[in-house]
Amino acid sequence: MQLDRSRSRELPDTDALRAALAAGIPEQSAPGIVHGDYRLDNVLIDTADRPAAIIDWEMATIGDPITDLALMIVYQKLSRLPGSAAVFDAAAAPGYIGEDEVRERYISQGGRDTPNFAFYLGLAAFKLAVIAEGITYRHRLGQTEGTGFDGIDVLTEPVARIGLAALKENH
């Protein structure tokens, strides 16, 4: 697993989230197209402030589309973590709708309910925690280029806690 290959420190919350997810895998809903990194940063907006295109499809697959909704909401939650606003600030923009409204619109306009949504929020948080830890690992080995990687290590466990909280609140 990717987390095990990039582990360089103890990650108790990330490990707890992995165990909780493994113990409660729900039945998958009807498959559909999954973007894999669905967030406002990957949506192009036209001059009338309407979505014009969704970009960055290299992780797209067929799977449970609720994972995209959950990932978008976890990105919203990330915007409230200390130190993350410089990276995940889209949800702080004036007029950006809240998490409940995002989910309600998904259900009403997408024709798909979101049963077991807590699991999907946990899974999205786990995905981002693993990505953050992988970046941390590569940065410590000197394998990253550019700036902004030296502070990513502080996000892994808080992101995992977002997932743990979602599982706890919704069960």
# chains A, B, ... in the order shown; residues from 1 in each chain; ligands from 1

$ residues_around --residues "stretch 53-61 of chain A" --least-positions-apart "4" --cutoff "12 Å" --atoms "only C-alpha atoms" --output "VMD selection string"
chain A and resid 31 to 46 49 65 67 to 68

$ select_by_dssp --residues "chain A" --states "strand (DSSP E)" --output "NGL selection string"
:A and (32-34 or 43-45 or 51-54 or 61-63)

$ write_last_selection --atoms "N, CA and C atoms" --output "mmCIF file, in the first residue's frame"
data_model
loop_
_atom_site.group_PDB
_atom_site.id
_atom_site.type_symbol
_atom_site.label_atom_id
_atom_site.label_comp_id
_atom_site.auth_asym_id
_atom_site.auth_seq_id
_atom_site.Cartn_x
_atom_site.Cartn_y
_atom_site.Cartn_z
ATOM 1 N N GLY A 32 -20.224 4.609 -11.929
ATOM 2 C CA GLY A 32 -20.276 5.737 -12.845
ATOM 3 C C GLY A 32 -18.867 6.264 -13.060
ATOM 4 N N ILE A 33 -18.770 7.381 -13.739
ATOM 5 C CA ILE A 33 -17.462 7.995 -13.970
ATOM 6 C C ILE A 33 -17.019 8.702 -12.696
ATOM 7 N N VAL A 34 -15.798 8.453 -12.296
ATOM 8 C CA VAL A 34 -15.194 9.088 -11.125
ATOM 9 C C VAL A 34 -14.011 9.916 -11.611
ATOM 10 N N VAL A 43 -11.956 23.055 -11.995
ATOM 11 C CA VAL A 43 -13.100 23.501 -12.783
ATOM 12 C C VAL A 43 -12.750 24.865 -13.387
ATOM 13 N N LEU A 44 -12.911 24.969 -14.694
ATOM 14 C CA LEU A 44 -12.709 26.248 -15.366
ATOM 15 C C LEU A 44 -14.038 26.997 -15.373
ATOM 16 N N ILE A 45 -13.982 28.266 -15.036
ATOM 17 C CA ILE A 45 -15.168 29.108 -14.929
ATOM 18 C C ILE A 45 -15.170 30.099 -16.099
ATOM 19 N N PRO A 51 -19.524 27.208 -14.491
ATOM 20 C CA PRO A 51 -18.557 26.162 -14.855
ATOM 21 C C PRO A 51 -18.559 25.939 -16.366
ATOM 22 N N ALA A 52 -17.373 25.941 -16.970
ATOM 23 C CA ALA A 52 -17.247 25.753 -18.411
ATOM 24 C C ALA A 52 -16.606 24.407 -18.748
ATOM 25 N N ALA A 53 -15.738 23.914 -17.874
ATOM 26 C CA ALA A 53 -15.062 22.642 -18.138
ATOM 27 C C ALA A 53 -14.460 22.110 -16.845
ATOM 28 N N ILE A 54 -14.350 20.814 -16.784
ATOM 29 C CA ILE A 54 -13.646 20.151 -15.683
ATOM 30 C C ILE A 54 -12.361 19.594 -16.281
ATOM 31 N N THR A 61 -11.738 7.134 -13.541
ATOM 32 C CA THR A 61 -11.969 5.698 -13.612
ATOM 33 C C THR A 61 -13.473 5.445 -13.539
ATOM 34 N N ILE A 62 -13.854 4.202 -13.590
ATOM 35 C CA ILE A 62 -15.232 3.815 -13.338
ATOM 36 C C ILE A 62 -15.275 3.317 -11.892
ATOM 37 N N GLY A 63 -16.214 3.821 -11.138
ATOM 38 C CA GLY A 63 -16.315 3.448 -9.734
ATOM 39 C C GLY A 63 -17.538 4.074 -9.119
#

$ residues_around --residues "A:Thr136" --least-positions-apart "2" --cutoff "9 Å" --atoms "only C-alpha atoms" --output "PyMOL selection string"
chain A and resi 6+8+131-134+138-141+149-153+156

$ residues_around --residues "A:Ala124" --least-positions-apart "6" --cutoff "9 Å" --atoms "only C-alpha atoms" --output "short mmCIF file (atom, residue, chain, number, x, y, z; two decimals) with N, CA, C and O atoms, in the first residue's frame"
data_model
loop_
_atom_site.label_atom_id
_atom_site.label_comp_id
_atom_site.auth_asym_id
_atom_site.auth_seq_id
_atom_site.Cartn_x
_atom_site.Cartn_y
_atom_site.Cartn_z
N THR A 67 -17.60 9.09 -4.33
CA THR A 67 -16.24 9.41 -3.87
C THR A 67 -15.83 10.81 -4.30
O THR A 67 -15.10 11.49 -3.57
N ASP A 68 -16.26 11.25 -5.49
CA ASP A 68 -15.93 12.62 -5.93
C ASP A 68 -16.61 13.66 -5.06
O ASP A 68 -16.01 14.67 -4.69
N ALA A 70 -17.56 13.31 -1.95
CA ALA A 70 -16.91 13.30 -0.64
C ALA A 70 -15.57 14.01 -0.67
O ALA A 70 -15.24 14.77 0.24
N LEU A 71 -14.80 13.79 -1.73
CA LEU A 71 -13.50 14.44 -1.84
C LEU A 71 -13.66 15.96 -1.90
O LEU A 71 -12.92 16.70 -1.23
N MET A 72 -14.64 16.42 -2.67
CA MET A 72 -14.87 17.86 -2.75
C MET A 72 -15.21 18.44 -1.37
O MET A 72 -14.72 19.51 -1.00
N ILE A 73 -16.00 17.73 -0.61
CA ILE A 73 -16.36 18.21 0.73
C ILE A 73 -15.18 18.15 1.68
O ILE A 73 -14.99 19.05 2.51
N VAL A 74 -14.35 17.13 1.58
CA VAL A 74 -13.16 17.07 2.44
C VAL A 74 -12.23 18.24 2.10
O VAL A 74 -11.64 18.84 3.00
N TYR A 75 -12.11 18.59 0.83
CA TYR A 75 -11.32 19.77 0.47
C TYR A 75 -11.90 21.02 1.14
O TYR A 75 -11.16 21.90 1.59
N GLY A 163 -11.47 12.61 8.74
CA GLY A 163 -12.12 11.35 8.40
C GLY A 163 -12.66 10.62 9.61
O GLY A 163 -13.79 10.09 9.58
#

$ residues_around --residues "A:Ala118" --least-positions-apart "2" --cutoff "10 Å" --atoms "only C-alpha atoms" --output "PDB file with N, CA, C and O atoms, in the first residue's frame"
ATOM      1  N   LEU A  21     -12.078   2.274   8.338  1.00  0.00           N
ATOM      2  CA  LEU A  21     -12.604   2.135   6.984  1.00  0.00           C
ATOM      3  C   LEU A  21     -12.652   0.667   6.565  1.00  0.00           C
ATOM      4  O   LEU A  21     -13.641   0.203   5.990  1.00  0.00           O
ATOM      5  N   ALA A  70     -17.565  13.313  -1.946  1.00  0.00           N
ATOM      6  CA  ALA A  70     -16.913  13.295  -0.635  1.00  0.00           C
ATOM      7  C   ALA A  70     -15.569  14.007  -0.674  1.00  0.00           C
ATOM      8  O   ALA A  70     -15.237  14.774   0.235  1.00  0.00           O
ATOM      9  N   THR A 114     -26.942   9.473  -1.274  1.00  0.00           N
ATOM     10  CA  THR A 114     -25.602   9.303  -0.706  1.00  0.00           C
ATOM     11  C   THR A 114     -25.654   8.468   0.574  1.00  0.00           C
ATOM     12  O   THR A 114     -25.290   8.950   1.645  1.00  0.00           O
ATOM     13  N   PRO A 115     -26.102   7.214   0.468  1.00  0.00           N
ATOM     14  CA  PRO A 115     -26.102   6.384   1.673  1.00  0.00           C
ATOM     15  C   PRO A 115     -24.660   6.122   2.120  1.00  0.00           C
ATOM     16  O   PRO A 115     -23.743   6.166   1.303  1.00  0.00           O
ATOM     17  N   ASN A 116     -24.484   5.892   3.384  1.00  0.00           N
ATOM     18  CA  ASN A 116     -23.146   5.607   3.940  1.00  0.00           C
ATOM     19  C   ASN A 116     -22.149   6.723   3.644  1.00  0.00           C
ATOM     20  O   ASN A 116     -20.968   6.475   3.445  1.00  0.00           O
ATOM     21  N   TYR A 120     -17.611   7.500   2.885  1.00  0.00           N
ATOM     22  CA  TYR A 120     -16.983   8.166   1.749  1.00  0.00           C
ATOM     23  C   TYR A 120     -16.173   9.383   2.181  1.00  0.00           C
ATOM     24  O   TYR A 120     -15.106   9.655   1.622  1.00  0.00           O
ATOM     25  N   LEU A 121     -16.673  10.112   3.176  1.00  0.00           N
ATOM     26  CA  LEU A 121     -15.888  11.227   3.722  1.00  0.00           C
ATOM     27  C   LEU A 121     -14.608  10.703   4.360  1.00  0.00           C
ATOM     28  O   LEU A 121     -13.528  11.276   4.183  1.00  0.00           O
ATOM     29  N   GLY A 122     -14.717   9.617   5.106  1.00  0.00           N
ATOM     30  CA  GLY A 122     -13.537   9.011   5.714  1.00  0.00           C
ATOM     31  C   GLY A 122     -12.538   8.541   4.667  1.00  0.00           C
ATOM     32  O   GLY A 122     -11.324   8.740   4.800  1.00  0.00           O
ATOM     33  N   LEU A 123     -13.061   7.921   3.610  1.00  0.00           N
ATOM     34  CA  LEU A 123     -12.192   7.434   2.542  1.00  0.00           C
ATOM     35  C   LEU A 123     -11.490   8.588   1.830  1.00  0.00           C
ATOM     36  O   LEU A 123     -10.285   8.511   1.540  1.00  0.00           O
ATOM     37  N   ALA A 124     -12.208   9.663   1.565  1.00  0.00           N
ATOM     38  CA  ALA A 124     -11.599  10.833   0.919  1.00  0.00           C
ATOM     39  C   ALA A 124     -10.516  11.434   1.807  1.00  0.00           C
ATOM     40  O   ALA A 124      -9.440  11.812   1.328  1.00  0.00           O
ATOM     41  N   GLY A 163     -11.469  12.608   8.742  1.00  0.00           N
ATOM     42  CA  GLY A 163     -12.120  11.346   8.401  1.00  0.00           C
ATOM     43  C   GLY A 163     -12.663  10.622   9.610  1.00  0.00           C
ATOM     44  O   GLY A 163     -13.788  10.094   9.584  1.00  0.00           O
ATOM     45  N   LEU A 164     -11.887  10.575  10.682  1.00  0.00           N
ATOM     46  CA  LEU A 164     -12.355   9.923  11.912  1.00  0.00           C
ATOM     47  C   LEU A 164     -13.578  10.632  12.475  1.00  0.00           C
ATOM     48  O   LEU A 164     -14.533   9.983  12.917  1.00  0.00           O
ATOM     49  N   ALA A 165     -13.570  11.958  12.434  1.00  0.00           N
ATOM     50  CA  ALA A 165     -14.717  12.726  12.932  1.00  0.00           C
ATOM     51  C   ALA A 165     -15.953  12.450  12.089  1.00  0.00           C
ATOM     52  O   ALA A 165     -17.057  12.309  12.623  1.00  0.00           O
ATOM     53  N   ALA A 166     -15.785  12.360  10.784  1.00  0.00           N
ATOM     54  CA  ALA A 166     -16.926  12.075   9.906  1.00  0.00           C
ATOM     55  C   ALA A 166     -17.516  10.707  10.228  1.00  0.00           C
ATOM     56  O   ALA A 166     -18.749  10.557  10.304  1.00  0.00           O
ATOM     57  N   LEU A 167     -16.667   9.726  10.457  1.00  0.00           N
ATOM     58  CA  LEU A 167     -17.159   8.391  10.794  1.00  0.00           C
ATOM     59  C   LEU A 167     -17.888   8.395  12.130  1.00  0.00           C
ATOM     60  O   LEU A 167     -18.929   7.752  12.290  1.00  0.00           O
ATOM     61  N   LYS A 168     -17.340   9.129  13.088  1.00  0.00           N
ATOM     62  CA  LYS A 168     -17.944   9.180  14.424  1.00  0.00           C
ATOM     63  C   LYS A 168     -19.268   9.947  14.416  1.00  0.00           C
ATOM     64  O   LYS A 168     -20.246   9.519  15.017  1.00  0.00           O
ATOM     65  N   GLU A 169     -19.303  11.076  13.728  1.00  0.00           N
ATOM     66  CA  GLU A 169     -20.506  11.937  13.714  1.00  0.00           C
ATOM     67  C   GLU A 169     -21.674  11.287  13.001  1.00  0.00           C
ATOM     68  O   GLU A 169     -22.818  11.570  13.310  1.00  0.00           O
ATOM     69  N   ASN A 170     -21.392  10.451  12.045  1.00  0.00           N
ATOM     70  CA  ASN A 170     -22.452   9.925  11.197  1.00  0.00           C
ATOM     71  C   ASN A 170     -22.753   8.451  11.436  1.00  0.00           C
ATOM     72  O   ASN A 170     -23.312   7.792  10.568  1.00  0.00           O
ATOM     73  N   HIS A 171     -22.369   7.942  12.582  1.00  0.00           N
ATOM     74  CA  HIS A 171     -22.710   6.556  12.916  1.00  0.00           C
ATOM     75  C   HIS A 171     -23.431   6.490  14.228  1.00  0.00           C
ATOM     76  O   HIS A 171     -23.437   7.276  15.050  1.00  0.00           O
TER      77      HIS A 171
END

$ closest_residue --among "A:Ile66, A:Leu3, A:Leu17, A:Ala91" --to "A:Ser29" --atoms "only C-alpha atoms"
A:Ile66

$ residues_around --residues "stretch 98-106 of chain A" --least-positions-apart "2" --cutoff "8 Å" --atoms "only C-alpha atoms" --output "PyMOL selection string"
chain A and resi 69+73+76+96+108-112

$ write_last_selection --atoms "all heavy atoms" --output "mmCIF file, in the first residue's frame"
data_model
loop_
_atom_site.group_PDB
_atom_site.id
_atom_site.type_symbol
_atom_site.label_atom_id
_atom_site.label_comp_id
_atom_site.auth_asym_id
_atom_site.auth_seq_id
_atom_site.Cartn_x
_atom_site.Cartn_y
_atom_site.Cartn_z
ATOM 1 N N LEU A 69 -17.871 13.447 -4.744
ATOM 2 C CA LEU A 69 -18.597 14.370 -3.868
ATOM 3 C C LEU A 69 -17.908 14.455 -2.503
ATOM 4 O O LEU A 69 -17.679 15.544 -1.974
ATOM 5 C CB LEU A 69 -20.046 13.909 -3.701
ATOM 6 C CG LEU A 69 -20.886 14.665 -2.672
ATOM 7 C CD1 LEU A 69 -21.084 16.117 -3.092
ATOM 8 C CD2 LEU A 69 -22.229 13.956 -2.474
ATOM 9 N N ILE A 73 -15.995 17.729 -0.609
ATOM 10 C CA ILE A 73 -16.364 18.213 0.728
ATOM 11 C C ILE A 73 -15.181 18.147 1.683
ATOM 12 O O ILE A 73 -14.990 19.048 2.506
ATOM 13 C CB ILE A 73 -17.601 17.468 1.239
ATOM 14 C CG1 ILE A 73 -18.816 17.928 0.422
ATOM 15 C CG2 ILE A 73 -17.809 17.690 2.730
ATOM 16 C CD1 ILE A 73 -20.112 17.238 0.731
ATOM 17 N N GLN A 76 -13.227 21.120 1.226
ATOM 18 C CA GLN A 76 -13.836 22.248 1.930
ATOM 19 C C GLN A 76 -13.424 22.232 3.399
ATOM 20 O O GLN A 76 -13.110 23.274 3.973
ATOM 21 C CB GLN A 76 -15.361 22.182 1.830
ATOM 22 C CG GLN A 76 -15.901 22.647 0.510
ATOM 23 C CD GLN A 76 -17.408 22.639 0.483
ATOM 24 O OE1 GLN A 76 -18.003 21.705 -0.018
ATOM 25 N NE2 GLN A 76 -18.023 23.671 1.011
ATOM 26 N N TYR A 96 -19.345 30.850 -1.825
ATOM 27 C CA TYR A 96 -19.151 29.405 -1.950
ATOM 28 C C TYR A 96 -20.140 28.703 -1.018
ATOM 29 O O TYR A 96 -20.230 29.032 0.155
ATOM 30 C CB TYR A 96 -17.712 29.028 -1.589
ATOM 31 C CG TYR A 96 -17.318 27.646 -2.070
ATOM 32 C CD1 TYR A 96 -16.776 27.469 -3.329
ATOM 33 C CD2 TYR A 96 -17.498 26.535 -1.270
ATOM 34 C CE1 TYR A 96 -16.405 26.215 -3.779
ATOM 35 C CE2 TYR A 96 -17.132 25.272 -1.719
ATOM 36 C CZ TYR A 96 -16.589 25.118 -2.973
ATOM 37 O OH TYR A 96 -16.237 23.876 -3.415
ATOM 38 N N SER A 108 -30.180 16.150 -5.421
ATOM 39 C CA SER A 108 -31.345 16.608 -6.184
ATOM 40 C C SER A 108 -31.067 16.705 -7.689
ATOM 41 O O SER A 108 -31.933 16.390 -8.495
ATOM 42 C CB SER A 108 -31.852 17.950 -5.658
ATOM 43 O OG SER A 108 -30.933 18.978 -5.929
ATOM 44 N N GLN A 109 -29.874 17.117 -8.064
ATOM 45 C CA GLN A 109 -29.592 17.307 -9.482
ATOM 46 C C GLN A 109 -28.926 16.095 -10.128
ATOM 47 O O GLN A 109 -28.986 15.924 -11.336
ATOM 48 C CB GLN A 109 -28.732 18.553 -9.685
ATOM 49 C CG GLN A 109 -29.465 19.811 -9.279
ATOM 50 C CD GLN A 109 -28.600 21.055 -9.363
ATOM 51 O OE1 GLN A 109 -27.585 21.082 -10.025
ATOM 52 N NE2 GLN A 109 -29.028 22.098 -8.678
ATOM 53 N N GLY A 110 -28.308 15.278 -9.311
ATOM 54 C CA GLY A 110 -27.607 14.115 -9.861
ATOM 55 C C GLY A 110 -28.431 12.850 -9.867
ATOM 56 O O GLY A 110 -28.042 11.852 -10.469
ATOM 57 N N GLY A 111 -29.568 12.881 -9.167
ATOM 58 C CA GLY A 111 -30.420 11.709 -9.140
ATOM 59 C C GLY A 111 -29.825 10.521 -8.412
ATOM 60 O O GLY A 111 -30.169 9.377 -8.674
ATOM 61 N N ARG A 112 -28.917 10.772 -7.506
ATOM 62 C CA ARG A 112 -28.241 9.691 -6.792
ATOM 63 C C ARG A 112 -28.175 10.063 -5.320
ATOM 64 O O ARG A 112 -27.696 11.127 -4.970
ATOM 65 C CB ARG A 112 -26.830 9.536 -7.357
ATOM 66 C CG ARG A 112 -26.058 8.365 -6.807
ATOM 67 C CD ARG A 112 -24.638 8.369 -7.353
ATOM 68 N NE ARG A 112 -24.548 8.009 -8.746
ATOM 69 C CZ ARG A 112 -24.237 6.789 -9.182
ATOM 70 N NH1 ARG A 112 -23.995 5.831 -8.325
ATOM 71 N NH2 ARG A 112 -24.159 6.550 -10.467
#

$ atom_distance --atom1 "atom CA of A:Gln2" --atom2 "atom CA of A:Glu27"
23.8 Å

$ select_by_dssp --residues "stretch 6-82 of chain A" --states "helix (DSSP H, G or I)" --output "ChimeraX atom specification"
/A:12-23,40-42,66-78

$ atom_distance --atom1 "atom CA of A:Ile107" --atom2 "atom CA of A:Arg50"
19.9 Å

$ atom_distance --atom1 "atom CA of A:Ala20" --atom2 "atom CA of A:Ala125"
12.3 Å
